[in-house]
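Notes follow the structure.
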Amino acid sequence: MEKIVLGCDHAALSLKNTVIEHLKKQGYETIDVGTYTEDSCDYPDFGYAAAKKVADGSADKGIVICGTGIGISISANKVKGIRCALCGDLYSAEMTRLHNDANMLAMGARVIAPELALQIVDKFLSTPFEGGRHLKRVNKISEIENNQ
Ligand code: RB5
C-alpha cells in the first residue's frame, strides 16, 4: 500500500482531516506535515514540506489542500521532481495520472465539496501512469527542470 503525505493551510484543515480518515480506512499509511490548527498560516510552508517528502522518497504520493488549491500547488511544484496537479473534477484527476504521471494532487477546500474531494482522491490514487508517448513528454518536463 502506498504511503501518502498530506499538507494544508488553515483554510483546509477540516478537509485534510476528512481525507486522512478516508485514506486510513482504506489501509493507506499517511504522513501529516500540518498545519494542525485553524490559526492563520502560510500555505507555502506546507506545500513545501509535503513536496519534500515525495521528492526524497519518504512518501509515494502527496495531497495538498488550501482554500483554492492554487497557492499550495504552485509551492509544491517549486520542488524538483514534483508534478502537482490541481484538480476539481474526476476527469482531470484521472488524466493527470494517465498522461502527466502527477505525483501530487492539490485541491481547493473552498472550491469543491468534501464528497467530491474524496472521489477525486480515490480516482487519483487508483489510476496508473499510461507511459508510452506520455513518458517522453513527462521527461521533457524534467529536462526543463534540470536546465534551470
Ligand atoms: C488563505 O486565505 C488562502 O489565500 C489560501 O488558502 C489559498 O487559497 C491560496 O492560494
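Residue numbering restarts at 1 in every chain; chains get A, B, ... in the order shown in the C-alpha cells, and ligands count up from 1 in that same order.
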Problem set entry | Long-range neighbours of Lys61 of chain A as a list in words, 9 Å cut-off, only C-alpha atoms, 2 positions minimum in chain | Glu2, Lys3, Ile4, Val5, Leu6, Ala51, Lys53, Val54, Gly57, Ala59, Ile63, Ala102, Asn103, Met104, Leu105 and Leu125 of chain A
For this session: Per DSSP on the backbone, filter chain A down to the residues in helix (DSSP H, G or I) and report them as a ChimeraX atom specification.
Result: /A:10-25,43-55,70-76,90-98,114-126,133-146
For this session: Could you give me, as a PyMOL selection string, the residues within 8 Å of Val111 of chain A, counting only C-alpha atoms and dropping anything in the same chain fewer than 2 positions from it?
Result: chain A and resi 67-68+88+108-109+113
Please return, as a CSV table (one decimal) with all heavy atoms, in the first residue's frame, all residues of chain A that DSSP assigns to strand (DSSP E) on the basis of the backbone.
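Saved to selection.csv:
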chain,number,residue,atom,x,y,z
A,3,LYS,N,2.3,5.0,0.6
A,3,LYS,CA,2.4,6.0,1.7
A,3,LYS,C,2.1,7.4,1.1
A,3,LYS,O,2.7,7.8,0.2
A,3,LYS,CB,3.8,6.0,2.3
A,3,LYS,CG,3.8,6.6,3.7
A,3,LYS,CD,5.2,6.7,4.2
A,3,LYS,CE,5.7,5.4,4.8
A,3,LYS,NZ,7.1,5.5,5.4
A,4,ILE,N,1.1,8.0,1.8
A,4,ILE,CA,0.6,9.3,1.3
A,4,ILE,C,0.9,10.4,2.3
A,4,ILE,O,0.5,10.3,3.4
A,4,ILE,CB,-0.9,9.3,1.0
A,4,ILE,CG1,-1.4,8.0,0.3
A,4,ILE,CG2,-1.4,10.6,0.3
A,4,ILE,CD1,-0.8,7.9,-1.1
A,5,VAL,N,1.6,11.5,1.8
A,5,VAL,CA,1.8,12.7,2.7
A,5,VAL,C,0.7,13.7,2.4
A,5,VAL,O,0.3,13.9,1.2
A,5,VAL,CB,3.2,13.2,2.5
A,5,VAL,CG1,3.5,13.7,1.0
A,5,VAL,CG2,3.5,14.4,3.4
A,6,LEU,N,0.3,14.3,3.5
A,6,LEU,CA,-0.8,15.4,3.3
A,6,LEU,C,-0.3,16.7,4.0
A,6,LEU,O,0.3,16.6,5.0
A,6,LEU,CB,-2.1,14.9,3.9
A,6,LEU,CG,-2.7,13.7,3.2
A,6,LEU,CD1,-2.4,12.5,4.0
A,6,LEU,CD2,-4.1,13.9,3.0
A,7,GLY,N,-0.7,17.8,3.3
A,7,GLY,CA,-0.4,19.1,3.9
A,7,GLY,C,-1.5,20.1,3.6
A,7,GLY,O,-2.2,19.9,2.5
A,8,CYS,N,-1.7,21.1,4.4
A,8,CYS,CA,-2.8,22.0,4.2
A,8,CYS,C,-2.5,23.3,4.9
A,8,CYS,O,-1.5,23.4,5.7
A,8,CYS,CB,-4.1,21.5,4.7
A,8,CYS,SG,-4.2,21.4,6.5
A,29,GLU,N,-1.0,4.2,4.6
A,29,GLU,CA,-0.2,4.9,5.6
A,29,GLU,C,-0.2,6.4,5.3
A,29,GLU,O,0.0,6.7,4.1
A,29,GLU,CB,1.2,4.3,5.6
A,29,GLU,CG,1.9,4.4,6.9
A,29,GLU,CD,3.3,3.7,6.9
A,29,GLU,OE1,3.4,2.6,6.3
A,29,GLU,OE2,4.2,4.3,7.3
A,30,THR,N,-0.3,7.2,6.3
A,30,THR,CA,-0.3,8.7,6.0
A,30,THR,C,0.7,9.4,6.8
A,30,THR,O,1.0,9.0,7.9
A,30,THR,CB,-1.7,9.3,6.2
A,30,THR,OG1,-2.1,9.1,7.6
A,30,THR,CG2,-2.8,8.7,5.3
A,31,ILE,N,1.2,10.5,6.2
A,31,ILE,CA,2.1,11.4,7.0
A,31,ILE,C,1.4,12.7,6.9
A,31,ILE,O,1.1,13.2,5.8
A,31,ILE,CB,3.5,11.5,6.3
A,31,ILE,CG1,4.2,10.1,6.1
A,31,ILE,CG2,4.4,12.4,7.1
A,31,ILE,CD1,5.4,10.2,5.2
A,32,ASP,N,1.2,13.4,8.0
A,32,ASP,CA,0.6,14.7,8.1
A,32,ASP,C,1.6,15.7,8.4
A,32,ASP,O,2.1,15.8,9.6
A,32,ASP,CB,-0.6,14.6,9.1
A,32,ASP,CG,-1.3,15.9,9.1
A,32,ASP,OD1,-1.0,16.9,8.4
A,32,ASP,OD2,-2.3,16.0,9.9
A,61,LYS,N,3.1,9.4,-2.7
A,61,LYS,CA,2.4,10.5,-3.4
A,61,LYS,C,2.0,11.5,-2.3
A,61,LYS,O,2.0,11.2,-1.1
A,61,LYS,CB,1.1,9.9,-4.0
A,61,LYS,CG,1.4,9.1,-5.3
A,61,LYS,CD,0.2,9.0,-6.2
A,61,LYS,CE,0.6,8.2,-7.5
A,61,LYS,NZ,0.8,6.8,-7.2
A,62,GLY,N,1.6,12.7,-2.8
A,62,GLY,CA,1.2,13.7,-1.8
A,62,GLY,C,-0.1,14.4,-2.2
A,62,GLY,O,-0.5,14.4,-3.4
A,63,ILE,N,-0.8,14.8,-1.2
A,63,ILE,CA,-2.1,15.6,-1.4
A,63,ILE,C,-2.0,16.9,-0.6
A,63,ILE,O,-1.7,16.8,0.6
A,63,ILE,CB,-3.3,14.7,-0.9
A,63,ILE,CG1,-3.4,13.4,-1.7
A,63,ILE,CG2,-4.6,15.5,-1.0
A,63,ILE,CD1,-4.4,12.4,-1.2
A,64,VAL,N,-2.1,18.0,-1.3
A,64,VAL,CA,-2.1,19.3,-0.6
A,64,VAL,C,-3.3,20.1,-0.8
A,64,VAL,O,-3.9,20.0,-1.9
A,64,VAL,CB,-0.8,20.1,-1.0
A,64,VAL,CG1,0.4,19.5,-0.4
A,64,VAL,CG2,-0.7,20.1,-2.5
A,65,ILE,N,-3.8,20.8,0.2
A,65,ILE,CA,-5.1,21.5,0.1
A,65,ILE,C,-4.9,22.8,0.7
A,65,ILE,O,-4.4,23.0,1.8
A,65,ILE,CB,-6.2,20.7,0.8
A,65,ILE,CG1,-6.1,19.2,0.6
A,65,ILE,CG2,-7.5,21.2,0.4
A,65,ILE,CD1,-7.0,18.3,1.4
A,66,CYS,N,-5.4,23.9,0.0
A,66,CYS,CA,-5.6,25.2,0.6
A,66,CYS,C,-7.0,25.7,0.2
A,66,CYS,O,-7.8,24.9,-0.2
A,66,CYS,CB,-4.4,26.1,0.3
A,66,CYS,SG,-4.3,26.6,-1.5
A,84,CYS,N,2.7,18.4,-9.4
A,84,CYS,CA,1.5,18.6,-8.6
A,84,CYS,C,0.3,19.1,-9.4
A,84,CYS,O,0.4,20.2,-10.0
A,84,CYS,CB,1.8,19.5,-7.4
A,84,CYS,SG,0.4,19.8,-6.3
A,85,ALA,N,-0.8,18.4,-9.5
A,85,ALA,CA,-1.9,18.8,-10.3
A,85,ALA,C,-3.1,19.3,-9.5
A,85,ALA,O,-3.5,18.5,-8.6
A,85,ALA,CB,-2.3,17.6,-11.2
A,86,LEU,N,-3.5,20.4,-9.8
A,86,LEU,CA,-4.7,21.0,-9.1
A,86,LEU,C,-6.0,20.5,-9.8
A,86,LEU,O,-6.2,20.7,-11.0
A,86,LEU,CB,-4.7,22.5,-9.2
A,86,LEU,CG,-5.9,23.3,-8.7
A,86,LEU,CD1,-6.3,22.9,-7.2
A,86,LEU,CD2,-5.7,24.8,-8.8
A,104,MET,N,1.7,14.5,-7.1
A,104,MET,CA,0.9,15.2,-6.1
A,104,MET,C,-0.4,15.7,-6.6
A,104,MET,O,-0.5,16.1,-7.7
A,104,MET,CB,1.7,16.3,-5.5
A,104,MET,CG,3.0,15.8,-4.7
A,104,MET,SD,3.9,17.1,-3.8
A,104,MET,CE,2.7,17.5,-2.5
A,105,LEU,N,-1.4,15.7,-5.7
A,105,LEU,CA,-2.7,16.2,-6.0
A,105,LEU,C,-3.0,17.4,-5.2
A,105,LEU,O,-2.7,17.4,-3.9
A,105,LEU,CB,-3.8,15.1,-5.7
A,105,LEU,CG,-5.2,15.6,-5.7
A,105,LEU,CD1,-5.7,15.9,-7.1
A,105,LEU,CD2,-6.1,14.4,-5.1
A,106,ALA,N,-3.5,18.5,-5.8
A,106,ALA,CA,-3.9,19.7,-5.0
A,106,ALA,C,-5.4,19.9,-5.2
A,106,ALA,O,-5.9,19.6,-6.2
A,106,ALA,CB,-3.1,20.9,-5.4
A,107,MET,N,-6.0,20.3,-4.1
A,107,MET,CA,-7.5,20.6,-4.2
A,107,MET,C,-7.8,21.9,-3.4
A,107,MET,O,-7.0,22.3,-2.5
A,107,MET,CB,-8.3,19.5,-3.6
A,107,MET,CG,-8.1,18.1,-4.4
A,107,MET,SD,-9.1,16.8,-3.7
A,107,MET,CE,-8.4,16.5,-2.1
A,108,GLY,N,-8.9,22.5,-3.7
A,108,GLY,CA,-9.3,23.7,-3.1
A,108,GLY,C,-10.5,23.4,-2.2
A,108,GLY,O,-11.6,23.1,-2.6
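Taking atom CA of Gly71 of chain A as the reference point, atom CA of Asp56 of chain A is found at 21.7 Å.
Atom CA of Arg137 of chain A sits 24.4 Å away from atom CA of Gly69 of chain A.
Contact shell of Asp122 of chain A at 10 Å (only C-alpha atoms; same-chain neighbours under 6 positions omitted): A:Val19, A:His22, A:Leu23, A:Gln26, A:Leu90, A:Ala93, A:Glu94, A:Leu116.
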Let me see the file: selected residues, C-alpha atoms, as a compact mmCIF listing (two decimals), in the first residue's frame.
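Final file, again_37.txt:
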# COMPACT_ATOMS: atom_id res chain seq x y z
CA VAL A 19 -9.16 12.88 3.58
CA HIS A 22 -10.79 8.24 4.40
CA LEU A 23 -7.30 7.05 3.42
CA GLN A 26 -8.62 2.08 3.03
CA LEU A 90 -12.76 13.49 -11.74
CA ALA A 93 -7.72 13.61 -11.66
CA GLU A 94 -7.74 10.58 -13.96
CA LEU A 116 -16.26 15.28 -4.49
Problem set entry | For atom 7 (C, counted along the ligand's line) of ligand 1 and atom CA of Leu98 of chain A, the interatomic separation in Å (one decimal) | 26.8 Å
